[in-house]
>>> print(open('data_28.cif').read())   # mmCIF, C-alpha atoms
data_model
#
loop_
_atom_site.label_atom_id
_atom_site.label_comp_id
_atom_site.auth_asym_id
_atom_site.auth_seq_id
_atom_site.Cartn_x
_atom_site.Cartn_y
_atom_site.Cartn_z
CA MET A 52 0.00 0.00 0.00
CA LYS A 53 1.51 3.36 -1.05
CA ALA A 54 1.85 5.33 2.17
CA GLY A 55 2.48 8.99 2.85
CA ILE A 56 3.25 10.64 6.15
CA ILE A 57 2.47 14.17 7.28
CA GLY A 58 4.60 15.38 10.20
CA LEU A 59 8.27 14.47 10.58
CA GLY A 60 9.07 15.23 14.19
CA SER A 61 10.96 12.66 16.24
CA MET A 62 8.10 10.15 16.15
CA GLY A 63 6.98 10.81 12.59
CA ALA A 64 10.47 10.62 11.12
CA ALA A 65 11.14 7.32 12.88
CA MET A 66 7.86 5.86 11.62
CA ALA A 67 8.64 7.11 8.11
CA LEU A 68 11.99 5.29 8.14
CA ASN A 69 10.30 2.05 9.18
CA LEU A 70 7.68 2.41 6.46
CA ASN A 71 10.49 2.95 3.99
CA ARG A 72 12.34 -0.18 5.14
CA ALA A 73 9.13 -2.14 4.57
CA GLY A 74 8.87 -0.74 1.04
CA ASN A 75 5.67 1.22 1.72
CA LEU A 76 6.77 4.85 1.99
CA HIS A 77 5.84 6.79 -1.12
CA MET A 78 5.82 10.45 -0.13
CA VAL A 79 6.33 12.78 2.85
CA TRP A 80 5.35 16.31 3.81
CA ASN A 81 6.43 18.47 6.72
CA ARG A 82 5.70 22.09 7.57
CA THR A 83 9.43 22.75 7.95
CA ARG A 84 10.66 21.55 4.56
CA SER A 85 14.26 20.98 5.67
CA ARG A 86 13.18 17.98 7.74
CA ALA A 87 11.46 16.45 4.73
CA GLU A 88 14.58 17.10 2.65
CA ARG A 89 16.79 15.29 5.15
CA LEU A 90 14.50 12.26 5.20
CA ALA A 91 14.14 12.25 1.41
CA ALA A 92 17.93 12.34 1.05
CA GLU A 93 18.18 9.31 3.31
CA THR A 94 15.36 7.29 1.75
CA GLY A 95 14.94 8.52 -1.80
CA VAL A 96 11.19 9.05 -1.38
CA GLY A 97 9.41 12.04 -2.84
CA ILE A 98 8.60 15.26 -1.02
CA ALA A 99 5.04 16.39 -1.65
CA ALA A 100 4.68 20.00 -2.76
CA SER A 101 1.60 20.23 -0.54
CA ILE A 102 -0.66 18.19 1.70
CA GLU A 103 -3.16 18.12 -1.14
CA ASP A 104 -0.61 16.56 -3.51
CA LEU A 105 0.29 13.89 -0.97
CA ALA A 106 -3.38 13.09 -0.36
CA ALA A 107 -3.99 12.61 -4.08
CA ALA A 108 -0.99 10.29 -4.51
CA CYS A 109 -1.24 7.91 -1.52
CA GLU A 110 -3.48 5.00 -0.55
CA LEU A 111 -2.72 5.31 3.16
CA ILE A 112 -1.89 8.59 4.90
CA LEU A 113 -0.37 8.82 8.37
CA ILE A 114 -0.73 12.05 10.32
CA CYS A 115 1.78 12.64 13.11
CA ILE A 116 1.40 16.15 14.52
CA SER A 117 0.71 17.51 17.97
CA ALA A 118 -2.36 19.74 18.36
CA ASP A 119 -6.11 19.37 17.81
CA PRO A 120 -6.54 22.47 15.57
CA ASP A 121 -3.61 21.32 13.41
CA VAL A 122 -5.12 17.85 12.97
CA LEU A 123 -8.41 19.35 11.82
CA GLU A 124 -6.67 21.77 9.45
CA VAL A 125 -4.60 18.97 7.91
CA THR A 126 -7.65 16.72 7.64
CA ALA A 127 -9.59 19.43 5.81
CA ARG A 128 -6.73 19.86 3.34
CA ILE A 129 -6.49 16.10 2.80
CA ALA A 130 -10.23 16.01 2.11
CA GLY A 131 -9.77 18.41 -0.80
CA THR A 132 -7.99 15.85 -2.99
CA VAL A 133 -8.25 12.47 -1.26
CA GLY A 134 -9.63 9.54 -3.23
CA ALA A 135 -12.56 7.39 -2.13
CA GLY A 136 -11.40 4.45 -0.04
CA THR A 137 -8.11 6.06 0.98
CA ILE A 138 -7.26 5.34 4.61
CA VAL A 139 -6.17 8.23 6.84
CA VAL A 140 -4.55 7.16 10.10
CA ASP A 141 -4.02 9.81 12.76
CA THR A 142 -1.27 8.78 15.16
CA SER A 143 -1.36 12.15 16.98
CA THR A 144 -2.64 12.49 20.53
CA VAL A 145 -5.77 14.66 20.44
CA SER A 146 -9.26 14.55 21.91
CA SER A 147 -11.90 11.98 20.97
CA THR A 148 -14.06 14.88 19.79
CA THR A 149 -11.37 15.96 17.34
CA ALA A 150 -11.08 12.39 16.06
CA ARG A 151 -14.81 12.21 15.37
CA LYS A 152 -14.73 15.59 13.58
CA ALA A 153 -11.86 14.42 11.40
CA ALA A 154 -13.72 11.23 10.54
CA SER A 155 -16.77 13.26 9.53
CA ILE A 156 -14.70 15.56 7.30
CA LEU A 157 -13.14 12.64 5.48
CA GLY A 158 -16.34 10.63 5.37
CA SER A 159 -17.91 13.31 3.20
CA ARG A 160 -15.32 12.31 0.56
CA GLN A 161 -15.82 8.55 1.10
CA ALA A 162 -12.35 8.32 2.65
CA CYS A 163 -11.75 6.19 5.75
CA PHE A 164 -10.39 7.41 9.08
CA LEU A 165 -8.73 5.64 12.00
CA ASP A 166 -7.68 7.39 15.19
CA ALA A 167 -4.59 5.43 16.11
CA PRO A 168 -2.41 7.07 18.76
CA VAL A 169 0.73 5.23 19.75
CA THR A 170 2.80 4.62 22.86
CA GLY A 171 6.34 3.44 23.34
CA GLY A 172 8.35 6.63 23.00
CA VAL A 173 11.00 7.62 20.52
CA GLU A 174 12.80 4.36 21.24
CA GLY A 175 9.73 2.37 20.24
CA ALA A 176 9.17 4.48 17.13
CA SER A 177 12.77 3.92 16.03
CA ALA A 178 12.62 0.17 16.66
CA GLY A 179 9.15 -0.27 15.14
CA THR A 180 7.88 -1.69 18.42
CA LEU A 181 5.19 0.87 19.24
CA ALA A 182 1.81 -0.14 20.62
CA MET A 183 -1.07 1.34 18.62
CA MET A 184 -4.61 1.74 19.95
CA VAL A 185 -7.08 2.07 17.10
CA GLY A 186 -10.56 3.53 16.88
CA GLY A 187 -12.66 3.14 13.73
CA ASP A 188 -14.10 0.51 11.44
CA GLU A 189 -12.37 -2.81 12.12
CA SER A 190 -12.56 -3.83 8.46
CA VAL A 191 -10.65 -0.66 7.53
CA LEU A 192 -7.99 -1.54 10.08
CA GLU A 193 -7.70 -5.00 8.54
CA ARG A 194 -6.92 -3.40 5.17
CA ALA A 195 -4.28 -1.16 6.74
CA LEU A 196 -2.82 -3.73 9.13
CA GLU A 197 0.06 -5.00 7.01
CA THR A 198 1.32 -1.47 6.32
CA LEU A 199 0.88 -0.31 9.92
CA SER A 200 2.79 -3.35 11.15
CA ALA A 201 5.95 -1.66 9.91
CA VAL A 202 5.62 0.99 12.63
CA ALA A 203 3.89 -0.86 15.49
CA ALA A 204 4.46 -4.31 16.95
CA ARG A 205 1.11 -4.40 18.76
CA ILE A 206 -1.98 -3.01 17.07
CA ILE A 207 -5.25 -3.30 19.00
CA HIS A 208 -8.71 -2.30 17.81
CA VAL A 209 -10.44 -0.71 20.81
CA GLY A 210 -13.77 0.44 19.34
CA PRO A 211 -15.35 3.02 17.01
CA VAL A 212 -13.77 6.35 16.06
CA GLY A 213 -12.73 8.27 19.16
CA CYS A 214 -11.98 5.19 21.23
CA GLY A 215 -8.33 5.18 20.20
CA GLN A 216 -7.89 8.66 21.67
CA ALA A 217 -9.88 7.74 24.77
CA CYS A 218 -7.58 4.76 25.30
CA LYS A 219 -4.53 7.00 24.81
CA ALA A 220 -5.89 9.31 27.53
CA VAL A 221 -5.95 6.31 29.88
CA ASN A 222 -2.33 5.64 28.93
CA GLN A 223 -1.25 9.24 29.51
CA ILE A 224 -2.85 9.29 32.96
CA MET A 225 -0.92 6.14 33.88
CA VAL A 226 2.32 7.59 32.49
CA ALA A 227 1.89 10.67 34.69
CA GLY A 228 1.24 8.57 37.78
CA ILE A 229 4.28 6.40 37.10
CA ASN A 230 6.40 9.50 36.53
CA GLN A 231 5.27 10.87 39.88
CA ALA A 232 5.94 7.61 41.71
CA VAL A 233 9.36 6.95 40.21
CA THR A 234 10.65 10.51 40.61
CA ASP A 235 9.41 10.65 44.22
CA ALA A 236 10.97 7.27 45.00
CA LEU A 237 14.34 8.14 43.49
CA ALA A 238 14.49 11.48 45.30
CA PHE A 239 13.60 9.62 48.52
CA GLY A 240 16.38 7.10 47.97
CA VAL A 241 18.93 9.83 47.27
CA ALA A 242 17.90 11.65 50.47
CA LEU A 243 18.54 8.42 52.40
CA GLU A 244 22.01 8.29 50.82
CA LEU A 245 21.45 4.89 49.25
CA ASP A 246 23.57 3.50 46.41
CA MET A 247 20.96 4.29 43.78
CA GLU A 248 22.52 2.17 41.04
CA ARG A 249 22.02 -0.88 43.24
CA VAL A 250 18.55 0.30 44.26
CA ILE A 251 17.47 0.50 40.63
CA GLU A 252 19.01 -2.90 39.88
CA VAL A 253 16.99 -4.68 42.53
CA VAL A 254 13.75 -2.67 42.30
CA ALA A 255 13.64 -3.03 38.51
CA ASN A 256 13.37 -6.79 38.95
CA GLY A 257 10.57 -6.82 41.51
CA ALA A 258 6.95 -5.82 41.91
CA ALA A 259 7.74 -2.16 41.15
CA ALA A 260 9.40 -2.91 37.80
CA ASN A 261 8.30 -0.61 34.97
CA TRP A 262 9.43 0.75 31.59
CA PHE A 263 9.99 4.26 32.90
CA LEU A 264 12.36 3.14 35.63
CA ASP A 265 14.26 0.92 33.19
CA HIS A 266 14.67 3.61 30.53
CA ARG A 267 14.85 6.81 32.57
CA GLY A 268 15.99 5.90 36.08
CA LYS A 269 19.74 6.16 35.55
CA THR A 270 19.51 9.18 33.25
CA MET A 271 17.46 11.07 35.82
CA LEU A 272 20.02 10.39 38.52
CA ALA A 273 22.73 11.61 36.13
CA GLY A 274 20.81 14.83 35.47
CA GLU A 275 20.18 13.95 31.81
CA TYR A 276 16.75 14.72 30.36
CA ALA A 277 17.40 15.32 26.67
CA ARG A 278 15.86 12.30 24.95
CA GLY A 279 12.28 11.07 24.93
CA PHE A 280 8.72 12.34 25.31
CA LYS A 281 8.70 16.13 25.56
CA LEU A 282 7.27 17.43 28.79
CA ARG A 283 5.25 20.18 27.06
CA LEU A 284 3.51 17.57 24.89
CA HIS A 285 2.55 15.45 27.89
CA HIS A 286 1.26 18.63 29.53
CA LYS A 287 -0.96 19.20 26.48
CA ASP A 288 -2.20 15.61 26.65
CA LEU A 289 -3.02 15.85 30.35
CA LEU A 290 -5.13 18.95 29.74
CA ILE A 291 -7.18 16.83 27.33
CA CYS A 292 -7.52 14.21 30.07
CA THR A 293 -8.77 16.69 32.68
CA ASP A 294 -11.22 18.26 30.23
CA THR A 295 -12.59 14.82 29.38
CA ALA A 296 -12.79 13.86 33.06
CA ALA A 297 -14.68 17.06 33.89
CA ASN A 298 -17.20 16.27 31.16
CA HIS A 299 -17.88 12.96 32.90
CA GLY A 300 -17.98 14.32 36.43
CA LEU A 301 -14.64 12.80 37.36
CA SER A 302 -11.62 14.28 39.13
CA LEU A 303 -7.96 13.44 38.55
CA PRO A 304 -6.02 14.94 41.46
CA ILE A 305 -2.65 13.40 40.57
CA ILE A 306 -3.00 14.66 37.02
CA GLU A 307 -3.97 18.14 38.18
CA MET A 308 -0.85 18.22 40.37
CA THR A 309 1.29 17.00 37.47
CA ILE A 310 -0.09 19.72 35.19
CA GLN A 311 0.90 22.37 37.74
CA GLN A 312 4.39 20.93 38.15
CA TYR A 313 4.89 20.64 34.39
CA ARG A 314 3.76 24.26 34.03
CA ARG A 315 6.43 25.30 36.51
CA LEU A 316 9.10 23.39 34.59
CA MET A 317 7.91 24.86 31.30
CA ASP A 318 8.11 28.35 32.79
CA GLU A 319 11.69 27.56 33.81
CA GLY A 320 12.55 26.60 30.22
CA TYR A 321 12.41 22.80 30.45
CA GLY A 322 9.36 22.14 28.24
CA ASP A 323 11.36 20.41 25.49
CA GLU A 324 13.05 18.02 27.89
CA ASP A 325 11.83 14.49 28.54
CA ILE A 326 9.04 14.13 31.11
CA SER A 327 11.60 12.65 33.49
CA ALA A 328 12.66 16.28 34.03
CA LEU A 329 9.99 16.19 36.74
CA TYR A 330 12.85 14.83 38.85
CA ARG A 331 14.32 18.34 38.81
CA LEU A 332 11.54 19.45 41.16
CA LYS A 333 11.68 16.37 43.38
CA LYS A 334 15.45 16.53 43.76
CA LYS A 335 15.30 20.27 44.43
CA SER A 336 12.70 19.88 47.17
CA GLY A 337 14.80 17.13 48.75
CA GLU A 338 17.83 19.41 48.86
CA GLU A 339 15.98 22.32 50.46
#
>>> encode(input="data_28.cif", output="structure tokens")
Amino acid sequence: MKAGIIGLGSMGAAMALNLNRAGNLHMVWNRTRSRAERLAAETGVGIAASIEDLAAACELILICISADPDVLEVTARIAGTVGAGTIVVDTSTVSSTTARKAASILGSRQACFLDAPVTGGVEGASAGTLAMMVGGDESVLERALETLSAVAARIIHVGPVGCGQACKAVNQIMVAGINQAVTDALAFGVALELDMERVIEVVANGAAANWFLDHRGKTMLAGEYARGFKLRLHHKDLLICTDTAANHGLSLPIIEMTIQQYRRLMDEGYGDEDISALYRLKKKSGEE
């Protein structure tokens, strides 16, 4: 299936490379053209002159951008030239409402839409081992499955359009809670003057084992926060979670606290660091 991808940030570029290795990548587009040029030089694929040109030329279109208004703008531009039966897969993290609006826009052109956010970080995107939670028509997913398997090792259909984003909200809430627990625990261990390398070694093999500790524990302790999921993007995602919770009469106190702490870090200039930069606040409070 001839695939195109719109959005070549860290996640999108990694997914594009995996699609290319599988022989499916046909065309790319990015708002900052230099990123598309670098990827095209590496892969030999074409750079679309516009979103409309990419939509007209591809059978499957992946969207990988960050904000709800941008997703709707891109979707509207795709709808201008997309062919009937083309599958548009949005891997961004946006609200369920935005996903349903995008599906409606494309449905008017007889194109198909799947909301398919991913989890697994930049490492997972590079390795092609992402987990993908998909909302939409299951028969459409079946048509796209072979192509999507180049970017995700686990692809789960979770319900109709919007359910993929709802599932991603569940994931982002858990990620925030794990971030809070791990950063608190590490700051606690440091305050007790433990050998933290040995602490991580033993804890990572017990009941408290988790991906975040494995991949970010040692880098946090070393004061390194450069690689991974940008804090400002998780902040954006958590605002979606609290809005959704409020609409259902629910409260998320840990998430509300995390939003406030992320806001403080963003104000201090750390918004583009990995979410493990939360440890900056925990370590600071332990030293005061």
>>> residues_around(input="data_28.cif", residues="range 72-79 of chain A", least_positions_apart="5", cutoff="12 Å", atoms="all atoms listed in the file", output="PyMOL selection string")
chain A and resi 52-60+63-67+84-115+177-179+195+197-202
>>> residues_around(input="data_28.cif", residues="Val169 in chain A", least_positions_apart="3", cutoff="9 Å", atoms="only C-alpha atoms", output="ChimeraX atom specification")
/A:142-144,172,176,181-185,203,219
>>> closest_residue(input="data_28.cif", among="A:Ile116, A:Ile156, A:Val122, A:Leu282", to="Ile310 in chain A", atoms="all atoms listed in the file")
A:Leu282
>>> atom_distance(input="data_28.cif", atom1="CA of Trp262 in chain A", atom2="CA of Asp119 in chain A")
27.9 Å
>>> resolve_selection(input="data_28.cif", expression="the PyMOL selection byres ((chain A and resi 190) around 12)", output="MDAnalysis selection string")
chainID A and resid 136 138 163:165 185:189 191:196 208 210:211
>>> decode(input="data_28.cif", residues="range 123-176 of chain A", atoms="C-alpha atoms", output="short mmCIF file (atom, residue, chain, number, x, y, z; two decimals), in the first residue's frame")
data_model
loop_
_atom_site.label_atom_id
_atom_site.label_comp_id
_atom_site.auth_asym_id
_atom_site.auth_seq_id
_atom_site.Cartn_x
_atom_site.Cartn_y
_atom_site.Cartn_z
CA LEU A 123 -8.41 19.35 11.82
CA GLU A 124 -6.67 21.77 9.45
CA VAL A 125 -4.60 18.97 7.91
CA THR A 126 -7.65 16.72 7.64
CA ALA A 127 -9.59 19.43 5.81
CA ARG A 128 -6.73 19.86 3.34
CA ILE A 129 -6.49 16.10 2.80
CA ALA A 130 -10.23 16.01 2.11
CA GLY A 131 -9.77 18.41 -0.80
CA THR A 132 -7.99 15.85 -2.99
CA VAL A 133 -8.25 12.47 -1.26
CA GLY A 134 -9.63 9.54 -3.23
CA ALA A 135 -12.56 7.39 -2.13
CA GLY A 136 -11.40 4.45 -0.04
CA THR A 137 -8.11 6.06 0.98
CA ILE A 138 -7.26 5.34 4.61
CA VAL A 139 -6.17 8.23 6.84
CA VAL A 140 -4.55 7.16 10.10
CA ASP A 141 -4.02 9.81 12.76
CA THR A 142 -1.27 8.78 15.16
CA SER A 143 -1.36 12.15 16.98
CA THR A 144 -2.64 12.49 20.53
CA VAL A 145 -5.77 14.66 20.44
CA SER A 146 -9.26 14.55 21.91
CA SER A 147 -11.90 11.98 20.97
CA THR A 148 -14.06 14.88 19.79
CA THR A 149 -11.37 15.96 17.34
CA ALA A 150 -11.08 12.39 16.06
CA ARG A 151 -14.81 12.21 15.37
CA LYS A 152 -14.73 15.59 13.58
CA ALA A 153 -11.86 14.42 11.40
CA ALA A 154 -13.72 11.23 10.54
CA SER A 155 -16.77 13.26 9.53
CA ILE A 156 -14.70 15.56 7.30
CA LEU A 157 -13.14 12.64 5.48
CA GLY A 158 -16.34 10.63 5.37
CA SER A 159 -17.91 13.31 3.20
CA ARG A 160 -15.32 12.31 0.56
CA GLN A 161 -15.82 8.55 1.10
CA ALA A 162 -12.35 8.32 2.65
CA CYS A 163 -11.75 6.19 5.75
CA PHE A 164 -10.39 7.41 9.08
CA LEU A 165 -8.73 5.64 12.00
CA ASP A 166 -7.68 7.39 15.19
CA ALA A 167 -4.59 5.43 16.11
CA PRO A 168 -2.41 7.07 18.76
CA VAL A 169 0.73 5.23 19.75
CA THR A 170 2.80 4.62 22.86
CA GLY A 171 6.34 3.44 23.34
CA GLY A 172 8.35 6.63 23.00
CA VAL A 173 11.00 7.62 20.52
CA GLU A 174 12.80 4.36 21.24
CA GLY A 175 9.73 2.37 20.24
CA ALA A 176 9.17 4.48 17.13
#
